[in-house]
$ cat model00.cif   # mmCIF, C-alpha atoms
data_work
loop_
_atom_site.group_PDB
_atom_site.id
_atom_site.type_symbol
_atom_site.label_atom_id
_atom_site.label_comp_id
_atom_site.auth_asym_id
_atom_site.auth_seq_id
_atom_site.Cartn_x
_atom_site.Cartn_y
_atom_site.Cartn_z
ATOM 1 C CA MET A 1 7.813 -7.026 -12.661
ATOM 2 C CA SER A 2 9.357 -9.803 -14.686
ATOM 3 C CA SER A 3 11.947 -12.061 -13.125
ATOM 4 C CA SER A 4 14.527 -10.788 -15.631
ATOM 5 C CA GLN A 5 14.435 -7.234 -14.229
ATOM 6 C CA PRO A 6 17.068 -6.577 -11.581
ATOM 7 C CA ILE A 7 15.960 -5.558 -8.092
ATOM 8 C CA ASP A 8 17.492 -2.378 -6.694
ATOM 9 C CA HIS A 9 18.330 -3.733 -3.232
ATOM 10 C CA HIS A 10 19.284 -0.289 -1.925
ATOM 11 C CA HIS A 11 15.703 0.986 -2.401
ATOM 12 C CA THR A 12 13.747 -2.260 -1.885
ATOM 13 C CA ALA A 13 12.238 -3.617 1.333
ATOM 14 C CA TRP A 14 11.405 -7.266 1.916
ATOM 15 C CA ILE A 15 8.277 -8.324 3.791
ATOM 16 C CA ARG A 16 7.989 -11.627 5.618
ATOM 17 C CA ALA A 17 4.644 -12.701 7.093
ATOM 18 C CA ASP A 18 4.918 -13.788 10.723
ATOM 19 C CA GLY A 19 1.306 -15.012 11.089
ATOM 20 C CA ASN A 20 -2.005 -13.610 12.355
ATOM 21 C CA GLY A 21 -1.661 -10.369 10.401
ATOM 22 C CA ALA A 22 1.844 -9.641 11.698
ATOM 23 C CA ALA A 23 4.872 -9.238 9.456
ATOM 24 C CA THR A 24 8.419 -7.926 9.448
ATOM 25 C CA LEU A 25 9.739 -5.397 6.944
ATOM 26 C CA PHE A 26 13.482 -5.619 6.260
ATOM 27 C CA PHE A 27 15.084 -2.499 4.814
ATOM 28 C CA ARG A 28 18.748 -1.487 4.808
ATOM 29 C CA ASP A 29 19.824 -3.857 7.600
ATOM 30 C CA ARG A 30 16.910 -2.837 9.842
ATOM 31 C CA ARG A 31 13.762 -4.666 10.858
ATOM 32 C CA TYR A 32 10.409 -2.949 11.278
ATOM 33 C CA PRO A 33 7.275 -4.545 12.734
ATOM 34 C CA ALA A 34 4.471 -4.413 10.191
ATOM 35 C CA SER A 35 0.913 -5.572 9.787
ATOM 36 C CA ILE A 36 -0.701 -7.208 6.778
ATOM 37 C CA GLY A 37 -4.013 -8.872 5.984
ATOM 38 C CA PRO A 38 -5.368 -11.570 8.329
ATOM 39 C CA ALA A 39 -5.496 -14.169 5.535
ATOM 40 C CA PRO A 40 -2.225 -15.804 4.468
ATOM 41 C CA VAL A 41 -0.112 -14.021 1.857
ATOM 42 C CA THR A 42 -1.059 -15.264 -1.588
ATOM 43 C CA ARG A 43 0.124 -15.545 -5.167
ATOM 44 C CA TYR A 44 -3.558 -15.627 -6.220
ATOM 45 C CA LYS A 45 -4.990 -12.370 -4.869
ATOM 46 C CA ARG A 46 -8.741 -11.896 -5.297
ATOM 47 C CA GLU A 47 -10.866 -8.881 -4.450
ATOM 48 C CA GLY A 48 -12.026 -9.006 -0.823
ATOM 49 C CA ASP A 49 -9.966 -12.049 0.268
ATOM 50 C CA HIS A 50 -8.093 -10.055 2.995
ATOM 51 C CA ALA A 51 -4.794 -11.550 1.785
ATOM 52 C CA THR A 52 -1.641 -9.573 1.048
ATOM 53 C CA PRO A 53 -0.326 -10.313 -2.445
ATOM 54 C CA VAL A 54 3.065 -11.964 -2.911
ATOM 55 C CA GLY A 55 5.432 -10.226 -5.305
ATOM 56 C CA ALA A 56 7.227 -6.990 -6.091
ATOM 57 C CA LEU A 57 5.071 -3.948 -5.309
ATOM 58 C CA PRO A 58 6.556 -0.651 -6.473
ATOM 59 C CA ILE A 59 5.431 2.531 -4.735
ATOM 60 C CA ARG A 60 3.541 4.544 -7.362
ATOM 61 C CA ARG A 61 2.898 7.680 -5.270
ATOM 62 C CA VAL A 62 2.444 8.863 -1.716
ATOM 63 C CA PHE A 63 -0.562 10.733 -0.327
ATOM 64 C CA TYR A 64 -0.948 12.452 3.026
ATOM 65 C CA ARG A 65 -3.532 14.345 5.087
ATOM 66 C CA ALA A 66 -2.063 17.858 5.072
ATOM 67 C CA ASP A 67 -4.688 18.965 7.597
ATOM 68 C CA ARG A 68 -3.356 16.430 10.144
ATOM 69 C CA THR A 69 0.275 15.663 9.361
ATOM 70 C CA ALA A 70 3.399 17.027 7.704
ATOM 71 C CA ARG A 71 4.358 16.065 4.161
ATOM 72 C CA PRO A 72 6.499 12.917 4.304
ATOM 73 C CA GLU A 73 10.055 13.135 3.006
ATOM 74 C CA THR A 74 10.737 10.875 0.027
ATOM 75 C CA ARG A 75 13.111 10.510 -2.873
ATOM 76 C CA HIS A 76 13.022 13.590 -5.104
ATOM 77 C CA ASP A 77 11.403 11.605 -7.937
ATOM 78 C CA MET A 78 8.575 10.112 -5.820
ATOM 79 C CA PRO A 79 5.213 11.794 -6.450
ATOM 80 C CA VAL A 80 3.754 13.113 -3.169
ATOM 81 C CA GLU A 81 0.280 14.675 -3.056
ATOM 82 C CA PRO A 82 -2.056 15.915 -0.330
ATOM 83 C CA LEU A 83 -5.341 14.026 -0.022
ATOM 84 C CA GLY A 84 -8.672 15.795 -0.300
ATOM 85 C CA PRO A 85 -12.132 14.972 1.040
ATOM 86 C CA THR A 86 -13.320 13.749 -2.373
ATOM 87 C CA ASP A 87 -10.451 11.296 -2.990
ATOM 88 C CA GLY A 88 -11.411 7.650 -3.304
ATOM 89 C CA TRP A 89 -10.190 4.370 -4.804
ATOM 90 C CA CYS A 90 -12.520 2.250 -6.923
ATOM 91 C CA ASP A 91 -12.733 -1.333 -5.646
ATOM 92 C CA ASP A 92 -15.660 -2.432 -7.827
ATOM 93 C CA PRO A 93 -14.397 -5.086 -10.315
ATOM 94 C CA SER A 94 -17.382 -4.468 -12.597
ATOM 95 C CA HIS A 95 -16.524 -0.782 -13.165
ATOM 96 C CA ALA A 96 -14.077 0.632 -15.728
ATOM 97 C CA ASP A 97 -12.348 2.649 -12.954
ATOM 98 C CA TYR A 98 -11.507 -0.499 -10.954
ATOM 99 C CA ASN A 99 -8.256 -0.128 -8.980
ATOM 100 C CA THR A 100 -7.748 3.559 -9.746
ATOM 101 C CA LEU A 101 -7.905 6.859 -7.891
ATOM 102 C CA VAL A 102 -11.338 8.441 -8.354
ATOM 103 C CA THR A 103 -13.281 11.499 -7.255
ATOM 104 C CA LEU A 104 -16.162 10.939 -4.844
ATOM 105 C CA PRO A 105 -19.066 10.689 -5.123
ATOM 106 C CA HIS A 106 -18.556 7.981 -7.725
ATOM 107 C CA PRO A 107 -21.146 5.671 -9.310
ATOM 108 C CA ALA A 108 -19.240 2.485 -8.363
ATOM 109 C CA ARG A 109 -18.222 1.044 -4.991
ATOM 110 C CA CYS A 110 -15.144 2.898 -3.723
ATOM 111 C CA GLU A 111 -12.958 3.181 -0.684
ATOM 112 C CA THR A 112 -12.779 6.654 0.857
ATOM 113 C CA LEU A 113 -9.178 7.821 1.256
ATOM 114 C CA TRP A 114 -10.115 10.779 3.494
ATOM 115 C CA ARG A 115 -10.778 8.665 6.591
ATOM 116 C CA ASP A 116 -11.986 9.515 10.079
ATOM 117 C CA ASP A 117 -9.255 7.321 11.585
ATOM 118 C CA THR A 118 -5.546 7.991 11.000
ATOM 119 C CA SER A 119 -4.710 4.914 8.881
ATOM 120 C CA TYR A 120 -4.431 6.927 5.681
ATOM 121 C CA ASP A 121 -2.831 10.066 7.110
ATOM 122 C CA ILE A 122 0.166 8.790 5.115
ATOM 123 C CA VAL A 123 -0.671 6.254 2.417
ATOM 124 C CA ALA A 124 1.319 5.035 -0.578
ATOM 125 C CA SER A 125 -0.370 3.385 -3.537
ATOM 126 C CA LEU A 126 1.436 0.209 -4.525
ATOM 127 C CA GLY A 127 1.784 -1.254 -7.993
ATOM 128 C CA TRP A 128 -0.532 -4.229 -7.661
ATOM 129 C CA ASN A 129 -2.895 -5.225 -10.471
ATOM 130 C CA ASP A 130 -2.398 -1.936 -12.266
ATOM 131 C CA ASP A 131 -0.372 -2.774 -15.386
ATOM 132 C CA PRO A 132 -2.747 -3.973 -16.739
ATOM 133 C CA VAL A 133 -5.720 -3.916 -14.365
ATOM 134 C CA VAL A 134 -7.502 -7.288 -14.260
ATOM 135 C CA PRO A 135 -11.026 -7.116 -12.788
ATOM 136 C CA GLY A 136 -11.266 -9.111 -9.563
ATOM 137 C CA ASN A 137 -7.512 -9.563 -8.998
ATOM 138 C CA GLY A 138 -7.425 -7.149 -6.058
ATOM 139 C CA SER A 139 -7.425 -3.400 -5.648
ATOM 140 C CA ALA A 140 -6.366 -0.653 -3.262
ATOM 141 C CA ILE A 141 -3.181 -2.355 -2.059
ATOM 142 C CA PHE A 142 -1.486 0.356 -0.042
ATOM 143 C CA LEU A 143 1.349 0.950 2.394
ATOM 144 C CA HIS A 144 -0.220 2.947 5.218
ATOM 145 C CA LEU A 145 -0.330 3.601 8.951
ATOM 146 C CA PRO A 146 -1.700 0.966 11.360
ATOM 147 C CA THR A 147 -5.401 0.286 11.664
ATOM 148 C CA ARG A 148 -7.331 0.189 14.940
ATOM 149 C CA SER A 149 -7.674 -3.600 14.616
ATOM 150 C CA GLY A 150 -3.944 -4.160 14.075
ATOM 151 C CA VAL A 151 -4.448 -5.916 10.728
ATOM 152 C CA THR A 152 -5.202 -4.622 7.255
ATOM 153 C CA GLU A 153 -7.558 -5.808 4.524
ATOM 154 C CA GLY A 154 -4.571 -6.968 2.454
ATOM 155 C CA CYS A 155 -2.399 -3.859 2.576
ATOM 156 C CA LEU A 156 0.835 -3.350 4.513
ATOM 157 C CA ALA A 157 1.053 -1.025 7.505
ATOM 158 C CA LEU A 158 3.920 0.497 9.473
ATOM 159 C CA ALA A 159 3.990 2.752 12.526
ATOM 160 C CA GLU A 160 4.261 6.405 11.505
ATOM 161 C CA PRO A 161 7.906 6.925 12.586
ATOM 162 C CA ASP A 162 8.908 3.766 10.680
ATOM 163 C CA LEU A 163 6.917 4.657 7.558
ATOM 164 C CA ARG A 164 8.433 8.138 7.531
ATOM 165 C CA ALA A 165 11.936 6.697 8.043
ATOM 166 C CA VAL A 166 11.767 4.192 5.172
ATOM 167 C CA LEU A 167 10.232 6.723 2.778
ATOM 168 C CA ALA A 168 12.888 9.317 3.697
ATOM 169 C CA ALA A 169 15.592 6.668 3.177
ATOM 170 C CA GLY A 170 14.449 6.188 -0.422
ATOM 171 C CA LEU A 171 12.122 3.174 -0.322
ATOM 172 C CA VAL A 172 10.591 2.637 -3.779
ATOM 173 C CA LYS A 173 9.588 -1.042 -3.773
ATOM 174 C CA LEU A 174 8.317 -3.738 -1.417
ATOM 175 C CA VAL A 175 8.786 -7.436 -2.077
ATOM 176 C CA VAL A 176 6.271 -9.609 -0.248
ATOM 177 C CA GLN A 177 7.646 -13.097 0.229
ATOM 178 C CA ASP A 178 5.649 -16.298 0.601
#

$ encode --input "model00.cif" --output "structure tokens"
Amino acid sequence: MSSSQPIDHHHTAWIRADGNGAATLFFRDRRYPASIGPAPVTRYKREGDHATPVGALPIRRVFYRADRTARPETRHDMPVEPLGPTDGWCDDPSHADYNTLVTLPHPARCETLWRDDTSYDIVASLGWNDDPVVPGNGSAIFLHLPTRSGVTEGCLALAEPDLRAVLAAGLVKLVVQD
């Protein structure tokens, strides 16, 4: 997003890092506890650095595990799709599919979206390093449910009731502040 584009404050949340993987999401005069990567937020995101990127991150689409949870409510124009067992996300900077949704098995290194834990039972892909994709500048930056460890690998996580509430209220963009 260029600095000349206006921000729709009614549909944008602001994220402030609080330290040690904790953060606060501010949306429509409410605060939500969130988790982020254990490394400091960064303007210079690199693959595998465990940092959450600073900047405007639009929600591209929302996925959910239909076998375990109900479809999340969102704005009418937000793409929402059920996940399947062969869904993955390429995180291999040397492959042409880097930072895109792929079908597993895949010849490159990929993250499995159909997880044994519940972190991706609701997961939104965020617009980071996707227009254009630059190899090595970070991939698979998502808004998802909390991890067992309480921190992410650079994504943002909210408790399920909070994630459902902000999506239902029309959230379309996150702005991570440094």

$ resolve_selection --input "model00.cif" --expression "the PyMOL selection byres ((chain A and resi 33) around 7)" --output "number ranges by chain"
A: 23-25, 31-32, 34, 158

$ residues_around --input "model00.cif" --residues "A:Gly84" --least-positions-apart "2" --cutoff "8 Å" --atoms "only C-alpha atoms" --output "list in words"
Arg65, Pro82, Thr86, Asp87 and Trp114 of chain A

$ resolve_selection --input "model00.cif" --expression "the PyMOL selection byres ((chain A and resi 126-137) around 7)" --output "ChimeraX atom specification"
/A:45-47,57-60,93-94,98-99,124-125,138-139,141-143

$ residues_around --input "model00.cif" --residues "A:Val175" --least-positions-apart "4" --cutoff "9 Å" --atoms "all atoms listed in the file" --output "ChimeraX atom specification"
/A:12-16,54-58

$ residues_around --input "model00.cif" --residues "A:Ser35" --least-positions-apart "2" --cutoff "10 Å" --atoms "only C-alpha atoms" --output "ChimeraX atom specification"
/A:15,17-25,32-33,37-38,52,143-147,150-159

$ residues_around --input "model00.cif" --residues "A:Glu81" --least-positions-apart "6" --cutoff "12 Å" --atoms "all atoms listed in the file" --output "number ranges by chain"
A: 60-66, 70-74, 87, 121-125

$ atom_distance --input "model00.cif" --atom1 "atom CA of A:Val172" --atom2 "atom CA of A:Glu111"
23.8 Å

$ atom_distance --input "model00.cif" --atom1 "atom CA of A:His95" --atom2 "atom CA of A:Arg109"
8.5 Å

$ closest_residue --input "model00.cif" --among "A:Asp178, A:Ala96, A:Arg30, A:Arg148" --to "A:Asp117" --atoms "only C-alpha atoms"
A:Arg148

$ atom_distance --input "model00.cif" --atom1 "atom CA of A:Gly48" --atom2 "atom CA of A:Trp89"
14.1 Å

$ closest_residue --input "model00.cif" --among "A:Ile7, A:Val41, A:Val80, A:Leu104" --to "A:Leu167" --atoms "only C-alpha atoms"
A:Val80

$ residues_near_point --input "model00.cif" --point "(-7.8, 5.5, -8.3)" --cutoff "7 Å" --atoms "all atoms listed in the file" --output "PyMOL selection string"
chain A and resi 88-90+99-102

$ resolve_selection --input "model00.cif" --expression "the PyMOL selection byres ((chain A and resi 168) around 10)" --output "PyMOL selection string"
chain A and resi 72-76+162-167+169-171

$ axis_aligned_box --input "model00.cif" --around "stretch 166-176 of chain A" --padding-each-side "6 Å" --output "lines of an AutoDock Vina configuration file"
center_x = 10.9
center_y = -0.1
center_z = 0.7
size_x = 21.3
size_y = 30.9
size_z = 21.0
